[in-house]
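Asks: Before we start, here is the structure in question, set down as structure tokens.
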Amino acid sequence: MGYLFLLIALAAGATKGYCGKKTSGYVSEYKDAMLVNSIRMIFCIFIGFAMICFGGGIQFLKINRTVLLISLLSGIANSAFVVLWLVSVKKGAYMMLDIFCMIGILIPIVGCAAFFGEAIRINDVIGFMVLLIAVFIMCSYNNSIKSKITISSFIILLLCGAANGLSDFSQKLFVNLSENIPVSVFNFYTYLFSAVILLVCYFIFAGRTKENTDLQIKPILLYIIVMSACLFIYSYFKTLAAHYLPSAQLYPLSQSLALILSSIMSATLFHERLTIKCAVGIALSFVALLIINVL
């Protein structure tokens, strides 16, 4: 069942990525990106609240310190990832981001082993190393990289990977420490905290921006709504998958399959050239997934 939930999450994530590429031309300023992401989070809040109401779980919205603290961690991690991702793109370090996100999944893997006794097999270690090599081949040797990463870019990428890992770890914290509470409640509070943080960031960036450019929301509103629904579905079903799959399987599988889907989507829908090194990376990723999940 965990694999099914993960596949649903990845399909939603791929759709979200497609919409993100289609709207990328409309968003050029930090403040615009903060505003668009804030709107996405607000839509996710409404989706979460609707699911809670229709599921008859409105009573679970009462203050629960454990859920609130875990959701706060999740909201901060998600918001930090959005901001750091944007900064890494501006600094030209985007192609290395997947490598650091792969490194970041060590946080839920090690954290769950330490706090919840999840086993880490030798197969998991070997598979993770193969995945890391695969991602490195697919990303770091891309032809678009023409200069070495600066110290500031390295720190931003490291923090971005850590934020992604903490977001994943918060899902495991929720499923292990919050029994009988619907996942939709966790998502509702996560996106509530994220929306507040990103709106604060929006006003900070807006105050520092000298150019008075107005973002045209109307042409991309439908994409934003679809992205919001897909973001919620992605987080919801990935958290459900965390009930069934150990971290050493779930997060390497999620990260690598998302990268493979992104590469295939770029080649088929956006006609980006699929290089030999990218194909080798995809093949190695499949080998690594077999090592982790089959052997």
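Chains: A, B, ... in order of the structure tokens. Residues: from 1 per chain. Ligands: from 1, in order shown.
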Sorted by chain and rising residue number, list the residues of range 22-137 of chain A at most 9 Å from range 164-181 of chain A (counting only C-alpha atoms), each with its closest atom pair and distance in Å to one decimal, as JSON lines.
Replies:
```
{"residue": "A:Gly57", "atom": "CA", "partner": "A:Ile181", "partner_atom": "CA", "distance": 8.4}
{"residue": "A:Phe60", "atom": "CA", "partner": "A:Ile181", "partner_atom": "CA", "distance": 6.6}
{"residue": "A:Thr66", "atom": "CA", "partner": "A:Ser178", "partner_atom": "CA", "distance": 7.3}
{"residue": "A:Val67", "atom": "CA", "partner": "A:Ser178", "partner_atom": "CA", "distance": 6.7}
{"residue": "A:Ile70", "atom": "CA", "partner": "A:Ser170", "partner_atom": "CA", "distance": 6.0}
{"residue": "A:Ser71", "atom": "CA", "partner": "A:Ser170", "partner_atom": "CA", "distance": 7.4}
{"residue": "A:Leu73", "atom": "CA", "partner": "A:Ser170", "partner_atom": "CA", "distance": 6.6}
{"residue": "A:Ser74", "atom": "CA", "partner": "A:Ser167", "partner_atom": "CA", "distance": 5.1}
{"residue": "A:Gly75", "atom": "CA", "partner": "A:Ser167", "partner_atom": "CA", "distance": 7.9}
{"residue": "A:Ile76", "atom": "CA", "partner": "A:Ser167", "partner_atom": "CA", "distance": 8.4}
{"residue": "A:Ala77", "atom": "CA", "partner": "A:Ser167", "partner_atom": "CA", "distance": 5.3}
{"residue": "A:Asn78", "atom": "CA", "partner": "A:Ser167", "partner_atom": "CA", "distance": 6.2}
{"residue": "A:Ala80", "atom": "CA", "partner": "A:Asn164", "partner_atom": "CA", "distance": 8.6}
{"residue": "A:Phe81", "atom": "CA", "partner": "A:Asn164", "partner_atom": "CA", "distance": 6.2}
{"residue": "A:Cys101", "atom": "CA", "partner": "A:Asn164", "partner_atom": "CA", "distance": 6.3}
{"residue": "A:Met102", "atom": "CA", "partner": "A:Gly165", "partner_atom": "CA", "distance": 8.6}
{"residue": "A:Ile103", "atom": "CA", "partner": "A:Gly165", "partner_atom": "CA", "distance": 8.3}
{"residue": "A:Gly104", "atom": "CA", "partner": "A:Gly165", "partner_atom": "CA", "distance": 4.6}
{"residue": "A:Ile105", "atom": "CA", "partner": "A:Gly165", "partner_atom": "CA", "distance": 4.8}
{"residue": "A:Leu106", "atom": "CA", "partner": "A:Gly165", "partner_atom": "CA", "distance": 7.0}
{"residue": "A:Ile107", "atom": "CA", "partner": "A:Gly165", "partner_atom": "CA", "distance": 5.3}
{"residue": "A:Pro108", "atom": "CA", "partner": "A:Phe169", "partner_atom": "CA", "distance": 4.4}
{"residue": "A:Ile109", "atom": "CA", "partner": "A:Phe169", "partner_atom": "CA", "distance": 8.1}
{"residue": "A:Gly111", "atom": "CA", "partner": "A:Phe169", "partner_atom": "CA", "distance": 7.3}
{"residue": "A:Cys112", "atom": "CA", "partner": "A:Lys172", "partner_atom": "CA", "distance": 7.4}
{"residue": "A:Phe116", "atom": "CA", "partner": "A:Asn176", "partner_atom": "CA", "distance": 7.9}
```
Asks: Hey, what's within 7 Å of Tyr191 in chain A if we count only C-alpha atoms and toss same-chain stuff fewer than 5 positions away? As JSON, numbers by chain, please?
Replies: {"A": [41, 44, 45, 75]}
Asks: Could you check which of A:Leu250, A:Ile99, A:Ile260, A:Leu68 is closest to Lys238 in chain A, using only C-alpha atoms?
Replies: A:Leu250
Asks: Could you list, as a list of chain:residue names, every residue within 8 Å of Met1 in chain A, counting only C-alpha atoms and ignoring same-chain residues fewer than 3 positions away?
Replies: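 Non-adjacent residues within range: A:Leu4, A:Phe5, A:Ala241, A:Tyr244.
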Asks: Quick one: residues within 9 Å of Tyr236 in chain A, only C-alpha atoms, excluding same-chain residues fewer than 3 positions away - as an mmCIF file with N, CA, C and O atoms, in the first residue's frame?
Replies:
```
data_model
loop_
_atom_site.group_PDB
_atom_site.id
_atom_site.type_symbol
_atom_site.label_atom_id
_atom_site.label_comp_id
_atom_site.auth_asym_id
_atom_site.auth_seq_id
_atom_site.Cartn_x
_atom_site.Cartn_y
_atom_site.Cartn_z
ATOM 1 N N PHE A 5 0.650 4.599 -2.526
ATOM 2 C CA PHE A 5 0.534 5.988 -2.064
ATOM 3 C C PHE A 5 1.675 6.833 -2.611
ATOM 4 O O PHE A 5 1.479 7.992 -3.012
ATOM 5 N N ALA A 9 1.602 10.154 -5.075
ATOM 6 C CA ALA A 9 2.298 11.386 -4.702
ATOM 7 C C ALA A 9 3.240 11.836 -5.812
ATOM 8 O O ALA A 9 3.291 13.026 -6.152
ATOM 9 N N VAL A 183 -4.139 12.833 8.452
ATOM 10 C CA VAL A 183 -3.022 13.482 7.780
ATOM 11 C C VAL A 183 -3.408 14.876 7.293
ATOM 12 O O VAL A 183 -2.584 15.795 7.266
ATOM 13 N N SER A 184 -4.685 15.041 6.928
ATOM 14 C CA SER A 184 -5.151 16.339 6.434
ATOM 15 C C SER A 184 -4.980 17.433 7.481
ATOM 16 O O SER A 184 -4.775 18.608 7.132
ATOM 17 N N PHE A 186 -2.477 17.567 9.709
ATOM 18 C CA PHE A 186 -1.050 17.887 9.637
ATOM 19 C C PHE A 186 -0.764 18.780 8.439
ATOM 20 O O PHE A 186 -0.040 19.789 8.554
ATOM 21 N N ASN A 187 -1.341 18.453 7.297
ATOM 22 C CA ASN A 187 -1.134 19.268 6.097
ATOM 23 C C ASN A 187 -1.741 20.658 6.253
ATOM 24 O O ASN A 187 -1.156 21.656 5.815
ATOM 25 N N LEU A 231 0.244 19.909 -5.058
ATOM 26 C CA LEU A 231 1.122 20.027 -3.897
ATOM 27 C C LEU A 231 0.498 19.365 -2.680
ATOM 28 O O LEU A 231 1.166 18.630 -1.942
ATOM 29 N N PHE A 232 -0.797 19.604 -2.482
ATOM 30 C CA PHE A 232 -1.481 18.991 -1.341
ATOM 31 C C PHE A 232 -1.529 17.472 -1.487
ATOM 32 O O PHE A 232 -1.258 16.738 -0.536
ATOM 33 N N ILE A 233 -1.880 17.004 -2.691
ATOM 34 C CA ILE A 233 -1.939 15.557 -2.936
ATOM 35 C C ILE A 233 -0.575 14.922 -2.729
ATOM 36 O O ILE A 233 -0.449 13.848 -2.119
ATOM 37 N N THR A 239 2.909 11.448 3.000
ATOM 38 C CA THR A 239 2.805 11.228 4.440
ATOM 39 C C THR A 239 2.117 9.904 4.737
ATOM 40 O O THR A 239 2.506 9.180 5.663
ATOM 41 N N LEU A 240 1.095 9.562 3.946
ATOM 42 C CA LEU A 240 0.453 8.249 4.111
ATOM 43 C C LEU A 240 1.446 7.123 3.847
ATOM 44 O O LEU A 240 1.464 6.111 4.549
ATOM 45 N N ALA A 241 2.278 7.310 2.815
ATOM 46 C CA ALA A 241 3.287 6.297 2.501
ATOM 47 C C ALA A 241 4.264 6.121 3.648
ATOM 48 O O ALA A 241 4.801 5.021 3.860
#
```
Asks: Range 221-228 of chain A: which residues within 9 Å, counting only C-alpha atoms, same-chain residues fewer than 2 positions away excluded, as an MDAnalysis selection string?
Replies: chainID A and resid 12:13 15:20 22:23 36:37 39:44 47 217:219 230:233
Asks: Taking the DSSP assignment computed from this structure's backbone, write out as a PyMOL selection string all residues of range 59-165 of chain A that belong to alpha helix (DSSP H).
Replies: chain A and resi 65-90+97-104+106-116+122-139+151-165
Asks: As an exercise, work out the distance from CA of Phe128 in chain A to CA of Pro252 in chain A in Å and give it to one decimal place.
Replies: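 CA of Pro252 in chain A lies at a distance of 6.7 Å from CA of Phe128 in chain A.
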Asks: For CA of Asp98 in chain A and CA of Ile151 in chain A, determine how far apart the two atoms are, in Å to one decimal place.
Replies: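 Interatomic distance here is 17.6 Å.
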Asks: For a test of reading the model, state the distance in Å between CA of Val185 in chain A and CA of Ala162 in chain A, rounded to one decimal.
Replies: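 Between these atoms lies a distance of 24.2 Å.
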